[in-house]
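Just below is one structure, and these are the notes that go with it.
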Amino acid sequence: MEALKLCSSLSSSLPISFLHLIHRRASPTLVRCCSSSAATTTSTTRNRNRRSSSSSTSTSDRDAIRTIRIKKVEELRSKGLEPYAYKWDRTHTANQLQEIYRHLANGEESSGENDNVSVAGRIIARRAFGKLAFLTLRDDSGTIQLYCEKERLLNDQFDQLKTLVDIGDILGASGSMKRTEKGELSVVVNSFGILTKSLLPLPDKYHGLTDVDKRYRQR
């Protein structure tokens, strides 16, 4: 009680300005923690910059690919070939061939007169090894492999296949049926034609088109 009385008397005797100073020093200081929001803002900015950089790089890459493929279109036309053919006479779908020739053993090739088939679809994969090339063709029913040997293709078709055919192109191919040593049913190609030359690569195999806005605009 005596202490309280002393403090009260001191307070009444001190000047107002001095009391205000004491109050400011004694009052707790409120510190606003903004590190979390600042970190979030920084992270968001970095992500935007990264997406912007990735988008610009992707666009430039696509433009470069498109330019190269347009040159291939011009080269095909200079050889008297139309890269956007009007039609192709297809005899079977990929799924029909898988069913009809499922009996072929590994390494066996069909040799009957009625075993010459014709398919058409989009090329979704390709591999070339010297005088041999493998292409995966997909149509509305499934996939089938195209087995391409240089000796079986007329003129310079094999060279055209290696240099002018890209993933994404729509091809028509004719030939006999064979199951490779590794068990892959294939069309052994005797002739082929580019039905539609793709000017841009297909979307990423695993992630597809990741830009949500673009996916809705170009759906």
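Letters A, B, ... go to the chains of the structure tokens in the order shown; residues in each chain start at 1; ligands are counted from 1 in the same order.
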
Could you pull the residues within 7 Å of range 70-86 of chain A, counting only C-alpha atoms, minus those fewer than 4 positions along the same chain, as a ChimeraX atom specification? /A:66,164,194-197,199

Please return as an MDAnalysis selection string: the residues of range 118-198 of chain A that backbone DSSP assigns to strand (DSSP E). chainID A and resid 118:129 132:138 143:149 170:179 185:196

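Considering the residues A:Ser60, A:Thr91, A:Thr67, A:Ser110 and counting only C-alpha atoms, Arg179 in chain A has its shortest atom-to-atom contact with A:Ser110.
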
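Between CA of Glu108 in chain A and CA of Leu137 in chain A the interatomic distance comes to 20.6 Å.
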
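Shell of Asn95 in chain A at 8 Å, with only C-alpha atoms counted and residues fewer than 3 places along the chain excluded, is Gln98, Glu99, Ser141, Gly142, Thr143 and Ile144 of chain A.
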
Write a file of the selected residues as a compact mmCIF listing (two decimals), in the first residue's frame, keeping N, CA, C and O atoms.
```txt
# COMPACT_ATOMS: atom_id res chain seq x y z
N GLN A 98 -4.31 -57.12 -85.44
CA GLN A 98 -3.88 -57.81 -84.22
C GLN A 98 -4.69 -59.09 -84.00
O GLN A 98 -4.16 -60.11 -83.54
N GLU A 99 -5.97 -59.06 -84.35
CA GLU A 99 -6.84 -60.23 -84.18
C GLU A 99 -6.59 -61.28 -85.27
O GLU A 99 -6.47 -62.47 -84.98
N SER A 141 -8.49 -47.52 -83.63
CA SER A 141 -8.75 -48.79 -82.95
C SER A 141 -7.61 -49.22 -82.03
O SER A 141 -7.82 -50.00 -81.10
N GLY A 142 -6.41 -48.77 -82.31
CA GLY A 142 -5.26 -49.21 -81.53
C GLY A 142 -3.96 -48.88 -82.24
O GLY A 142 -3.90 -47.96 -83.05
N THR A 143 -2.92 -49.68 -81.97
CA THR A 143 -1.61 -49.43 -82.56
C THR A 143 -1.08 -50.66 -83.28
O THR A 143 -1.46 -51.80 -82.96
N ILE A 144 -0.20 -50.43 -84.24
CA ILE A 144 0.49 -51.49 -84.97
C ILE A 144 1.87 -50.96 -85.33
O ILE A 144 2.04 -49.76 -85.57
```

In Å, rounded to a single decimal, give me how far CA of Lys178 in chain A is from CA of Tyr147 in chain A.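 Distance reported for this atom pair: 8.5 Å.
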
Rounded to one decimal, what separation in Å do you get between CA of Leu171 in chain A and CA of Pro203 in chain A? 18.7 Å

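Distance annotation: of A:Asn155, A:Ser176, A:Thr136, A:Gln160, the residue with the minimal separation from Ala120 in chain A is A:Thr136; atom set is only C-alpha atoms.
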